[in-house]
>>> print(open('work34.tsv').read())   # TSV, C-alpha atoms
chain	number	residue	atom	x	y	z
V	1	MET	CA	4.13	-0.94	-32.91
V	2	ASP	CA	7.32	1.08	-33.16
V	3	TYR	CA	9.49	-1.49	-31.38
V	4	PHE	CA	12.67	0.59	-31.62
V	5	ARG	CA	11.14	3.72	-30.07
V	6	GLU	CA	9.24	1.83	-27.38
V	7	SER	CA	12.22	-0.36	-26.54
V	8	LEU	CA	14.49	2.67	-26.24
V	9	GLU	CA	12.04	4.26	-23.83
V	10	LEU	CA	11.80	1.03	-21.80
V	11	HIS	CA	15.58	0.87	-21.45
V	12	ARG	CA	15.83	4.54	-20.51
V	13	ALA	CA	13.01	4.41	-17.98
V	14	SER	CA	14.24	1.25	-16.27
V	15	ARG	CA	17.96	2.09	-16.56
V	16	GLY	CA	18.66	-1.47	-17.63
V	17	LYS	CA	16.80	-4.74	-17.26
V	18	ILE	CA	18.47	-6.56	-14.36
V	19	GLU	CA	19.05	-6.10	-10.64
V	20	LEU	CA	20.48	-8.09	-7.73
V	21	ARG	CA	18.14	-9.24	-4.94
V	22	SER	CA	18.88	-11.00	-1.67
V	23	ARG	CA	17.60	-14.52	-0.99
V	24	VAL	CA	17.92	-14.07	2.76
V	25	PRO	CA	16.44	-11.47	5.12
V	26	LEU	CA	18.44	-8.61	6.65
V	27	ARG	CA	16.05	-7.35	9.30
V	28	ASP	CA	18.27	-7.11	12.36
V	29	LYS	CA	21.72	-7.69	13.82
V	30	ARG	CA	21.21	-11.45	13.99
V	31	ASP	CA	20.39	-11.65	10.27
V	32	LEU	CA	23.49	-9.58	9.51
V	33	SER	CA	25.67	-11.87	11.64
V	34	LEU	CA	24.37	-14.95	9.81
V	35	ALA	CA	24.58	-13.61	6.26
V	36	TYR	CA	27.86	-11.81	6.76
V	37	THR	CA	30.41	-11.54	9.53
V	38	PRO	CA	31.02	-13.43	11.76
V	39	GLY	CA	28.80	-16.31	10.65
V	40	VAL	CA	29.88	-16.36	7.00
V	41	ALA	CA	33.29	-17.64	8.09
V	42	ALA	CA	31.79	-21.09	8.67
V	43	ALA	CA	30.81	-21.42	4.99
V	44	CYS	CA	34.22	-20.12	3.91
V	45	GLN	CA	36.00	-22.73	6.05
V	46	GLU	CA	33.82	-25.57	4.74
V	47	ILE	CA	34.60	-24.59	1.15
V	48	HIS	CA	38.30	-24.22	1.99
V	49	ARG	CA	38.30	-27.81	3.29
V	50	ASP	CA	36.36	-29.11	0.29
V	51	PRO	CA	36.14	-26.74	-2.72
V	52	ALA	CA	33.22	-28.76	-4.18
V	53	ARG	CA	31.08	-27.51	-1.27
V	54	VAL	CA	31.00	-24.11	-3.02
V	55	TYR	CA	27.95	-25.49	-4.81
V	56	ASP	CA	26.25	-26.16	-1.46
V	57	TYR	CA	27.00	-22.86	0.24
V	58	THR	CA	26.90	-20.27	-2.57
V	59	SER	CA	24.86	-19.38	-5.65
V	60	ARG	CA	27.56	-20.67	-8.00
V	61	GLY	CA	25.61	-23.76	-8.99
V	62	ASN	CA	22.85	-21.72	-10.60
V	63	LEU	CA	24.83	-18.78	-11.97
V	64	VAL	CA	25.86	-18.27	-15.61
V	65	ALA	CA	28.31	-15.69	-16.92
V	66	ILE	CA	27.12	-14.25	-20.22
V	67	VAL	CA	30.40	-13.25	-21.84
V	68	SER	CA	30.75	-11.09	-24.95
V	69	ASP	CA	33.28	-8.81	-26.57
V	70	GLY	CA	30.62	-7.11	-28.70
V	71	SER	CA	32.22	-8.20	-31.96
V	72	ALA	CA	29.19	-9.84	-33.62
V	73	VAL	CA	26.01	-8.50	-32.05
V	74	LEU	CA	22.68	-9.57	-33.56
V	75	GLY	CA	22.45	-7.89	-36.97
V	76	LEU	CA	24.55	-4.96	-35.79
V	77	GLY	CA	28.06	-6.35	-36.18
V	78	ASN	CA	31.13	-5.21	-34.25
V	79	ILE	CA	29.67	-2.53	-32.00
V	80	GLY	CA	31.88	-3.07	-28.96
V	81	PRO	CA	31.24	-4.10	-25.34
V	82	GLU	CA	29.25	-1.14	-24.06
V	83	ALA	CA	26.80	-1.24	-26.96
V	84	ALA	CA	26.46	-5.01	-26.55
V	85	LEU	CA	25.44	-4.73	-22.90
V	86	PRO	CA	21.66	-4.28	-23.52
V	87	VAL	CA	21.65	-7.59	-25.42
V	88	MET	CA	23.49	-9.38	-22.63
V	89	GLU	CA	21.10	-7.97	-20.03
V	90	GLY	CA	18.22	-9.21	-22.18
V	91	LYS	CA	19.80	-12.66	-22.29
V	92	ALA	CA	20.07	-12.61	-18.50
V	93	ILE	CA	16.36	-11.99	-18.00
V	94	LEU	CA	15.51	-14.77	-20.47
V	95	PHE	CA	17.65	-17.22	-18.50
V	96	LYS	CA	15.82	-16.27	-15.31
V	97	GLU	CA	12.30	-15.98	-16.68
V	98	PHE	CA	12.26	-19.23	-18.65
V	99	GLY	CA	14.82	-21.46	-16.91
V	100	GLY	CA	14.99	-20.13	-13.36
V	101	VAL	CA	18.72	-19.72	-13.98
V	102	ASP	CA	20.55	-16.67	-12.66
V	103	ALA	CA	22.84	-15.02	-15.18
V	104	PHE	CA	25.09	-11.99	-15.19
V	105	PRO	CA	26.37	-10.07	-18.23
V	106	ILE	CA	30.12	-9.61	-18.58
V	107	VAL	CA	31.25	-7.54	-21.56
V	108	LEU	CA	34.99	-7.41	-22.15
V	109	ALA	CA	37.04	-4.46	-23.38
V	110	SER	CA	39.18	-6.68	-25.60
V	111	GLN	CA	38.80	-8.62	-28.83
V	112	ASP	CA	42.10	-10.41	-28.41
V	113	THR	CA	41.44	-14.15	-28.37
V	114	GLU	CA	44.06	-15.13	-25.82
V	115	GLU	CA	43.21	-12.23	-23.52
V	116	ILE	CA	39.54	-13.22	-23.53
V	117	ILE	CA	40.42	-16.82	-22.72
V	118	ARG	CA	42.65	-15.77	-19.80
V	119	THR	CA	40.02	-13.38	-18.47
V	120	VAL	CA	37.20	-15.93	-18.50
V	121	VAL	CA	39.39	-18.56	-16.86
V	122	MET	CA	40.17	-16.11	-14.04
V	123	LEU	CA	36.47	-15.23	-13.61
V	124	ALA	CA	35.24	-18.83	-13.73
V	125	PRO	CA	35.35	-19.60	-9.96
V	126	SER	CA	32.40	-17.24	-9.49
V	127	PHE	CA	30.16	-19.07	-11.97
V	128	GLY	CA	28.64	-22.48	-12.58
V	129	GLY	CA	28.61	-22.08	-16.36
V	130	ILE	CA	29.84	-19.85	-19.18
V	131	ASN	CA	27.57	-18.71	-22.02
V	132	LEU	CA	29.60	-17.13	-24.82
V	133	GLU	CA	27.61	-14.63	-26.81
V	134	ASP	CA	28.05	-12.52	-29.93
V	135	ILE	CA	31.75	-13.23	-30.47
V	136	SER	CA	32.78	-13.20	-34.12
V	137	ALA	CA	33.95	-16.24	-36.09
V	138	PRO	CA	36.44	-17.80	-36.42
V	139	ARG	CA	37.73	-16.45	-33.06
V	140	CYS	CA	34.69	-17.87	-31.25
V	141	PHE	CA	35.72	-21.43	-32.14
V	142	ARG	CA	39.17	-21.05	-30.59
V	143	ILE	CA	37.79	-19.33	-27.49
V	144	GLU	CA	35.17	-21.98	-26.87
V	145	ALA	CA	37.56	-24.88	-27.45
V	146	ALA	CA	40.18	-23.43	-25.11
V	147	LEU	CA	37.68	-22.72	-22.33
V	148	LYS	CA	36.18	-26.21	-22.59
V	149	GLU	CA	39.68	-27.64	-22.19
V	150	LYS	CA	40.69	-25.41	-19.28
V	151	LEU	CA	37.48	-25.28	-17.22
V	152	ASP	CA	35.50	-27.94	-15.35
V	153	ILE	CA	32.16	-26.16	-15.79
V	154	PRO	CA	29.80	-26.10	-18.81
V	155	VAL	CA	30.85	-23.77	-21.62
V	156	PHE	CA	28.27	-23.05	-24.31
V	157	HIS	CA	28.49	-20.70	-27.29
V	158	ASP	CA	24.82	-19.97	-27.91
V	159	ASP	CA	25.28	-18.45	-31.37
V	160	GLN	CA	26.68	-21.82	-32.44
V	161	HIS	CA	24.99	-24.52	-30.45
V	162	GLY	CA	21.72	-22.87	-29.48
V	163	THR	CA	21.00	-22.22	-33.13
V	164	ALA	CA	22.06	-25.72	-34.12
V	165	ILE	CA	19.86	-27.38	-31.50
V	166	VAL	CA	16.73	-25.48	-32.49
V	167	VAL	CA	17.38	-26.01	-36.21
V	168	TYR	CA	17.73	-29.73	-35.50
V	169	ALA	CA	14.45	-29.74	-33.57
V	170	ALA	CA	12.61	-27.91	-36.34
V	171	LEU	CA	14.07	-30.20	-39.01
V	172	ILE	CA	12.94	-33.34	-37.15
V	173	ASN	CA	9.34	-32.22	-37.46
V	174	ALA	CA	9.65	-30.73	-40.94
V	175	LEU	CA	10.87	-34.12	-42.20
V	176	LYS	CA	7.76	-35.79	-40.79
V	177	ILE	CA	5.63	-33.51	-42.95
V	178	ALA	CA	7.84	-34.01	-46.00
V	179	SER	CA	8.05	-37.80	-45.46
V	180	LYS	CA	11.84	-37.71	-45.63
V	181	ARG	CA	14.63	-39.17	-43.48
V	182	MET	CA	17.76	-37.63	-42.03
V	183	ASP	CA	19.95	-40.33	-43.52
V	184	SER	CA	18.85	-39.58	-47.08
V	185	LEU	CA	18.96	-35.77	-47.12
V	186	ARG	CA	20.95	-33.33	-49.16
V	187	VAL	CA	21.24	-30.09	-47.22
V	188	VAL	CA	22.68	-26.76	-48.33
V	189	ILE	CA	23.67	-24.25	-45.65
V	190	SER	CA	24.19	-20.59	-46.50
V	191	GLY	CA	26.60	-19.04	-44.01
V	192	ALA	CA	29.96	-20.39	-42.85
V	193	GLY	CA	30.14	-18.50	-39.56
V	194	ALA	CA	29.52	-19.77	-36.06
V	195	ALA	CA	25.88	-20.79	-36.60
V	196	GLY	CA	26.30	-22.35	-40.04
V	197	ILE	CA	29.22	-24.54	-39.01
V	198	ALA	CA	27.52	-25.65	-35.79
V	199	VAL	CA	24.34	-26.54	-37.69
V	200	ALA	CA	26.40	-28.60	-40.12
V	201	ARG	CA	28.12	-30.44	-37.29
V	202	ILE	CA	24.97	-31.41	-35.41
V	203	LEU	CA	23.29	-32.59	-38.63
V	204	MET	CA	26.33	-34.70	-39.50
V	205	ASP	CA	26.26	-36.19	-36.01
V	206	VAL	CA	22.62	-37.28	-36.44
V	207	GLY	CA	23.30	-38.92	-39.80
V	208	VAL	CA	22.70	-36.38	-42.60
V	209	PRO	CA	25.03	-37.73	-45.30
V	210	ASP	CA	25.33	-34.83	-47.74
V	211	ILE	CA	25.82	-31.28	-46.50
V	212	ILE	CA	27.23	-28.39	-48.52
V	213	ILE	CA	28.17	-25.15	-46.77
V	214	CYS	CA	28.32	-21.97	-48.81
V	215	ASP	CA	29.95	-18.67	-48.02
V	216	ARG	CA	30.21	-15.51	-50.11
V	217	ARG	CA	32.44	-17.36	-52.59
V	218	GLY	CA	30.07	-20.28	-53.05
V	219	ALA	CA	30.41	-23.91	-52.01
V	220	ILE	CA	33.17	-24.87	-49.59
V	221	TYR	CA	35.08	-27.95	-50.71
V	222	GLU	CA	38.39	-29.61	-49.95
V	223	GLY	CA	41.22	-27.95	-51.82
V	224	ARG	CA	39.44	-24.63	-52.37
V	225	LYS	CA	41.96	-21.83	-52.48
V	226	GLY	CA	41.84	-18.95	-50.04
V	227	ASP	CA	40.78	-20.78	-46.87
V	228	VAL	CA	44.22	-21.46	-45.43
V	229	ASP	CA	43.80	-19.05	-42.50
V	230	ASN	CA	40.37	-20.29	-41.42
V	231	GLU	CA	40.71	-23.54	-39.50
V	232	ALA	CA	36.96	-23.97	-39.14
V	233	LYS	CA	36.37	-23.75	-42.89
V	234	LEU	CA	39.29	-26.09	-43.58
V	235	GLU	CA	37.81	-28.67	-41.22
V	236	MET	CA	34.36	-28.38	-42.78
V	237	ALA	CA	35.89	-28.70	-46.25
V	238	ARG	CA	37.34	-32.04	-45.15
V	239	ILE	CA	34.18	-33.50	-43.62
V	240	SER	CA	31.34	-31.96	-45.65
V	241	ASN	CA	30.42	-31.80	-49.34
V	242	PRO	CA	31.29	-35.44	-50.08
V	243	GLY	CA	30.82	-34.90	-53.82
V	244	LYS	CA	33.17	-31.90	-53.79
V	245	ARG	CA	30.60	-29.86	-55.65
V	246	LYS	CA	31.67	-26.42	-56.76
V	247	GLY	CA	29.64	-23.40	-57.71
V	248	THR	CA	27.36	-20.71	-56.38
V	249	LEU	CA	24.66	-21.23	-53.77
V	250	THR	CA	22.01	-21.39	-56.50
V	251	GLU	CA	23.99	-23.97	-58.47
V	252	VAL	CA	24.62	-26.36	-55.58
V	253	LEU	CA	21.07	-25.95	-54.28
V	254	GLU	CA	19.63	-27.62	-57.37
V	255	GLY	CA	17.98	-30.89	-56.34
V	256	ALA	CA	18.61	-30.33	-52.61
V	257	ASP	CA	16.03	-31.27	-49.99
V	258	VAL	CA	16.75	-28.57	-47.43
V	259	PHE	CA	18.02	-24.99	-47.46
V	260	ILE	CA	19.24	-23.54	-44.16
V	261	GLY	CA	20.16	-19.87	-44.25
V	262	VAL	CA	22.15	-18.21	-41.47
V	263	SER	CA	23.57	-15.50	-43.68
V	264	VAL	CA	22.21	-12.33	-45.28
V	265	PRO	CA	18.82	-10.99	-46.45
V	266	GLY	CA	17.41	-11.55	-49.91
V	267	LEU	CA	19.97	-14.14	-50.95
V	268	LEU	CA	17.57	-16.82	-52.17
V	269	THR	CA	15.19	-16.51	-55.12
V	270	GLY	CA	11.93	-18.28	-55.84
V	271	GLU	CA	13.51	-19.71	-58.98
V	272	ALA	CA	16.24	-21.35	-56.88
V	273	VAL	CA	13.58	-22.92	-54.65
V	274	ARG	CA	11.76	-24.27	-57.71
V	275	ARG	CA	14.98	-26.03	-58.77
V	276	MET	CA	15.31	-27.87	-55.46
V	277	GLY	CA	14.12	-31.44	-54.95
V	278	ALA	CA	10.56	-32.54	-54.26
V	279	ARG	CA	8.82	-31.04	-51.20
V	280	PRO	CA	11.66	-28.67	-50.31
V	281	ILE	CA	12.21	-27.34	-46.79
V	282	ILE	CA	13.36	-23.74	-46.35
V	283	PHE	CA	14.82	-22.38	-43.13
V	284	ALA	CA	15.57	-18.72	-43.93
V	285	LEU	CA	16.92	-17.54	-40.59
V	286	ALA	CA	18.68	-14.26	-41.37
V	287	ASN	CA	17.43	-11.51	-39.05
V	288	PRO	CA	15.67	-9.18	-39.30
V	289	ILE	CA	15.14	-9.89	-43.01
V	290	PRO	CA	15.22	-13.55	-44.15
V	291	GLU	CA	17.15	-14.89	-47.12
V	292	ILE	CA	13.81	-15.15	-48.91
V	293	ASP	CA	10.35	-13.85	-48.07
V	294	PRO	CA	8.36	-16.79	-46.64
V	295	GLU	CA	5.41	-16.21	-48.96
V	296	GLU	CA	7.66	-16.17	-52.01
V	297	ALA	CA	9.24	-19.42	-50.85
V	298	ARG	CA	5.83	-21.06	-50.43
V	299	GLN	CA	4.66	-19.85	-53.82
V	300	ALA	CA	7.80	-21.35	-55.31
V	301	GLY	CA	6.88	-24.75	-53.89
V	302	ALA	CA	8.44	-24.89	-50.43
V	303	LEU	CA	6.49	-27.34	-48.28
V	304	VAL	CA	7.75	-25.99	-44.94
V	305	VAL	CA	9.21	-22.54	-44.28
V	306	ALA	CA	10.82	-21.35	-41.03
V	307	THR	CA	12.41	-18.02	-40.18
V	308	GLY	CA	14.02	-16.34	-37.19
V	309	ARG	CA	11.17	-13.85	-36.86
V	310	SER	CA	8.26	-13.88	-34.43
V	311	ASP	CA	5.79	-12.45	-36.94
V	312	PHE	CA	5.97	-15.51	-39.23
V	313	PRO	CA	5.12	-19.14	-38.42
V	314	ASN	CA	7.88	-21.50	-37.26
V	315	GLN	CA	10.24	-19.12	-35.48
V	316	VAL	CA	13.63	-20.75	-34.91
V	317	ASN	CA	14.64	-18.99	-31.71
V	318	ASN	CA	17.54	-19.93	-29.41
V	319	LEU	CA	15.30	-19.16	-26.44
V	320	LEU	CA	13.92	-22.66	-26.93
V	321	ALA	CA	17.32	-24.10	-26.03
V	322	PHE	CA	19.66	-22.20	-23.74
V	323	PRO	CA	17.57	-21.84	-20.54
V	324	GLY	CA	16.79	-25.55	-20.47
V	325	ILE	CA	20.32	-26.54	-21.49
V	326	PHE	CA	21.88	-24.78	-18.51
V	327	LYS	CA	19.07	-25.75	-16.14
V	328	GLY	CA	19.63	-29.40	-17.02
V	329	ALA	CA	23.40	-29.11	-16.86
V	330	PHE	CA	23.17	-27.56	-13.39
V	331	GLN	CA	20.73	-30.22	-12.20
V	332	ALA	CA	23.16	-32.90	-13.36
V	333	ARG	CA	26.14	-31.00	-11.90
V	334	ALA	CA	27.65	-31.45	-15.34
V	335	LYS	CA	31.23	-30.42	-16.03
V	336	LYS	CA	30.57	-30.00	-19.75
V	337	ILE	CA	27.83	-29.88	-22.35
V	338	THR	CA	28.21	-32.89	-24.59
V	339	GLU	CA	27.01	-33.59	-28.10
V	340	GLY	CA	24.58	-36.09	-26.62
V	341	MET	CA	23.09	-33.39	-24.41
V	342	LYS	CA	22.62	-31.09	-27.41
V	343	GLN	CA	20.91	-33.81	-29.42
V	344	ALA	CA	18.70	-34.69	-26.46
V	345	ALA	CA	17.67	-31.04	-26.20
V	346	GLY	CA	16.72	-30.97	-29.89
V	347	LEU	CA	14.63	-34.13	-29.56
V	348	ALA	CA	12.91	-32.74	-26.47
V	349	ILE	CA	11.98	-29.49	-28.21
V	350	ALA	CA	10.63	-31.36	-31.23
V	351	SER	CA	8.58	-33.69	-29.01
V	352	LEU	CA	6.47	-30.81	-27.72
V	353	VAL	CA	4.73	-30.51	-31.09
V	354	THR	CA	2.29	-33.42	-30.95
V	355	PRO	CA	1.04	-35.24	-34.08
V	356	PRO	CA	-2.36	-33.48	-34.04
V	357	GLU	CA	-0.61	-30.10	-33.84
V	358	LEU	CA	2.00	-30.79	-36.52
V	359	THR	CA	1.39	-28.81	-39.73
V	360	PRO	CA	3.61	-26.94	-42.21
V	361	GLU	CA	2.89	-23.83	-40.14
V	362	CYS	CA	3.62	-25.51	-36.78
V	363	ILE	CA	6.82	-27.54	-36.61
V	364	ILE	CA	8.29	-26.06	-33.43
V	365	PRO	CA	6.94	-24.73	-30.11
V	366	SER	CA	6.57	-21.02	-29.51
V	367	PRO	CA	9.61	-19.46	-27.81
V	368	LEU	CA	7.18	-18.30	-25.12
V	369	ASP	CA	5.97	-21.85	-24.39
V	370	ARG	CA	6.69	-22.38	-20.69
V	371	ARG	CA	6.78	-26.16	-21.09
V	372	VAL	CA	9.99	-26.08	-23.09
V	373	ALA	CA	12.75	-25.33	-20.57
V	374	PRO	CA	11.70	-27.99	-18.01
V	375	VAL	CA	11.37	-30.66	-20.71
V	376	VAL	CA	14.74	-29.72	-22.23
V	377	ALA	CA	16.36	-29.64	-18.79
V	378	GLU	CA	15.12	-33.13	-17.95
V	379	ALA	CA	16.37	-34.51	-21.28
V	380	VAL	CA	19.75	-32.82	-20.90
V	381	GLN	CA	20.17	-34.05	-17.33
V	382	LYS	CA	19.32	-37.62	-18.34
V	383	ALA	CA	21.66	-37.55	-21.32
V	384	TYR	CA	24.59	-36.42	-19.17
V	385	GLN	CA	23.91	-38.84	-16.32
V	386	THR	CA	23.47	-41.76	-18.72
V	387	ALA	CA	26.74	-40.96	-20.48
V	388	GLU	CA	28.60	-40.58	-17.17
V	389	LYS	CA	27.47	-43.94	-15.74
V	390	PRO	CA	30.32	-46.48	-15.54
>>> encode(input="work34.tsv", output="structure tokens")
Amino acid sequence: MDYFRESLELHRASRGKIELRSRVPLRDKRDLSLAYTPGVAAACQEIHRDPARVYDYTSRGNLVAIVSDGSAVLGLGNIGPEAALPVMEGKAILFKEFGGVDAFPIVLASQDTEEIIRTVVMLAPSFGGINLEDISAPRCFRIEAALKEKLDIPVFHDDQHGTAIVVYAALINALKIASKRMDSLRVVISGAGAAGIAVARILMDVGVPDIIICDRRGAIYEGRKGDVDNEAKLEMARISNPGKRKGTLTEVLEGADVFIGVSVPGLLTGEAVRRMGARPIIFALANPIPEIDPEEARQAGALVVATGRSDFPNQVNNLLAFPGIFKGAFQARAKKITEGMKQAAGLAIASLVTPPELTPECIIPSPLDRRVAPVVAEAVQKAYQTAEKP
């Protein structure tokens, strides 16, 4: 199939992928009086008396704002808000189709960090949650942190945490095949942007003791020159790479158990895989072309290989996470998405691959598996409610 040509025709013919539909009838004057004036005043007054009733009388409790500035779109880079809009519309239909969550794309004509923060804060009363999307690093870290501090609704940067959750889920099952444990791993991550840093953080939280993050200059370590303006890299330099190893990706990968690539195509060689530890695990997630061809990785000795592509086994796709994450957060009436909720989501995703199904070619459910979002939602809801109990 020529996906580009057919997709372009789909977008042109449909003039976009989303629309707004009414949940209530408008058949006659009575319906109009109930849905709008004068009847709507009753709901307005109830909310005025108790602002929390907005969740009872409006759609806010099931509505996500998908916010982007178009600065880091898929593999396309900084293409701006208008060009990013088809991606955000696509995200909206995935929220609805898989999680039953309503979502609306909001693309912003600014890439100024403080202006984006102010804008989202002002828009927030219309929404029950904020999904940040395709905002470049390191600005995305500051934006997310500020919004989490200022807002009392869930804020989730999918490029960071969606990726991290699904990587965690896939790694849980890959380790079962490799007969290895989280608390004894050495992991090398290629890519120090939003996804790479979030993956490192979730793996540290679940007990991986030795993680090295590499960027274009090689391993990140405490005291490395040139990182003074990147707070995220400085923080990771302090808490990762306990041996303060230096060198290129290939050099620090020697003897490692796991490679996780969220970087650029063709970066990893078969020779580098052969120099890893026993039964190596390769997650080559660069899209559309992985860091290494899966077949080359297997021929070089990789026990388990995952990519971000749907035409290879073990697709690590954020679709497995974000619909269920928000569905569960809304069910719990959560004010935030906690680390415990993210870990619970990863465990829930991993649990859907049963022992009889688990093979090197099947470590994670299909992104189209309709069981995933409800199971993730239940786990997320439980994790939040358990943590909030006095």
>>> closest_residue(input="work34.tsv", among="V:Val121, V:Ala178, V:Gly301, V:Leu94", to="V:Asn318", atoms="all atoms listed in the file")
V:Leu94
>>> atom_distance(input="work34.tsv", atom1="atom CA of V:Leu303", atom2="atom CA of V:Asp210")
20.3 Å
>>> atom_distance(input="work34.tsv", atom1="atom CA of V:Val264", atom2="atom CA of V:Asp293")
12.3 Å
>>> closest_atom_pairs(input="work34.tsv", of="stretch 264-333 of chain V", to="stretch 68-81 of chain V", cutoff="10 Å", atoms="only C-alpha atoms", output="CSV")
residue,atom,partner,partner_atom,distance
V:Val264,CA,V:Gly75,CA,9.4
V:Ala286,CA,V:Gly75,CA,8.6
V:Asn287,CA,V:Gly75,CA,6.5
V:Pro288,CA,V:Gly75,CA,7.3
V:Ile289,CA,V:Gly75,CA,9.7
>>> write_last_selection(input="work34.tsv", atoms="C-alpha atoms", output="PDB file, keeping the file's coordinate frame")
ATOM      1  CA  VAL V 264      22.210 -12.330 -45.280  1.00  0.00           C
ATOM      2  CA  ALA V 286      18.680 -14.260 -41.370  1.00  0.00           C
ATOM      3  CA  ASN V 287      17.430 -11.510 -39.050  1.00  0.00           C
ATOM      4  CA  PRO V 288      15.670  -9.180 -39.300  1.00  0.00           C
ATOM      5  CA  ILE V 289      15.140  -9.890 -43.010  1.00  0.00           C
TER       6      ILE V 289
END
>>> atom_distance(input="work34.tsv", atom1="atom CA of V:Arg371", atom2="atom CA of V:Glu6")
28.8 Å
>>> closest_residue(input="work34.tsv", among="V:Ala145, V:Leu132, V:Met204, V:Ala344", to="V:Ala232", atoms="all atoms listed in the file")
V:Ala145
>>> closest_residue(input="work34.tsv", among="V:Glu251, V:Glu235, V:Asp152, V:Asp205", to="V:Ala219", atoms="all atoms listed in the file")
V:Glu251
>>> residues_around(input="work34.tsv", residues="V:Arg60", least_positions_apart="2", cutoff="12 Å", atoms="all atoms listed in the file", output="PyMOL selection string")
chain V and resi 51-58+62-65+101-104+123-130+153+330+333
>>> residues_around(input="work34.tsv", residues="V:Met182", least_positions_apart="4", cutoff="10 Å", atoms="only C-alpha atoms", output="MDAnalysis selection string")
chainID V and resid 171:172 175 186:187 203:204 206:210
>>> decode(input="work34.tsv", residues="stretch 164-175 of chain V", atoms="N, CA and C atoms", output="short mmCIF file (atom, residue, chain, number, x, y, z; two decimals), in the first residue's frame")
data_model
loop_
_atom_site.label_atom_id
_atom_site.label_comp_id
_atom_site.auth_asym_id
_atom_site.auth_seq_id
_atom_site.Cartn_x
_atom_site.Cartn_y
_atom_site.Cartn_z
N ALA V 164 7.53 5.76 27.92
CA ALA V 164 8.18 5.10 29.06
C ALA V 164 7.33 3.95 29.59
N ILE V 165 6.03 4.16 29.68
CA ILE V 165 5.14 3.13 30.20
C ILE V 165 5.15 1.89 29.31
N VAL V 166 5.07 2.08 28.01
CA VAL V 166 5.02 0.93 27.11
C VAL V 166 6.38 0.23 27.03
N VAL V 167 7.47 0.99 27.08
CA VAL V 167 8.79 0.37 27.15
C VAL V 167 8.90 -0.49 28.42
N TYR V 168 8.45 0.05 29.53
CA TYR V 168 8.48 -0.70 30.79
C TYR V 168 7.68 -1.99 30.66
N ALA V 169 6.49 -1.91 30.08
CA ALA V 169 5.66 -3.11 29.91
C ALA V 169 6.37 -4.15 29.04
N ALA V 170 6.94 -3.69 27.94
CA ALA V 170 7.63 -4.63 27.04
C ALA V 170 8.85 -5.25 27.72
N LEU V 171 9.55 -4.44 28.51
CA LEU V 171 10.76 -4.95 29.18
C LEU V 171 10.40 -5.99 30.24
N ILE V 172 9.31 -5.80 30.94
CA ILE V 172 8.87 -6.79 31.94
C ILE V 172 8.81 -8.18 31.31
N ASN V 173 8.19 -8.26 30.14
CA ASN V 173 8.02 -9.56 29.50
C ASN V 173 9.28 -10.04 28.80
N ALA V 174 10.06 -9.11 28.25
CA ALA V 174 11.32 -9.52 27.63
C ALA V 174 12.26 -10.14 28.66
N LEU V 175 12.24 -9.63 29.88
CA LEU V 175 13.11 -10.17 30.93
C LEU V 175 12.69 -11.58 31.34
#
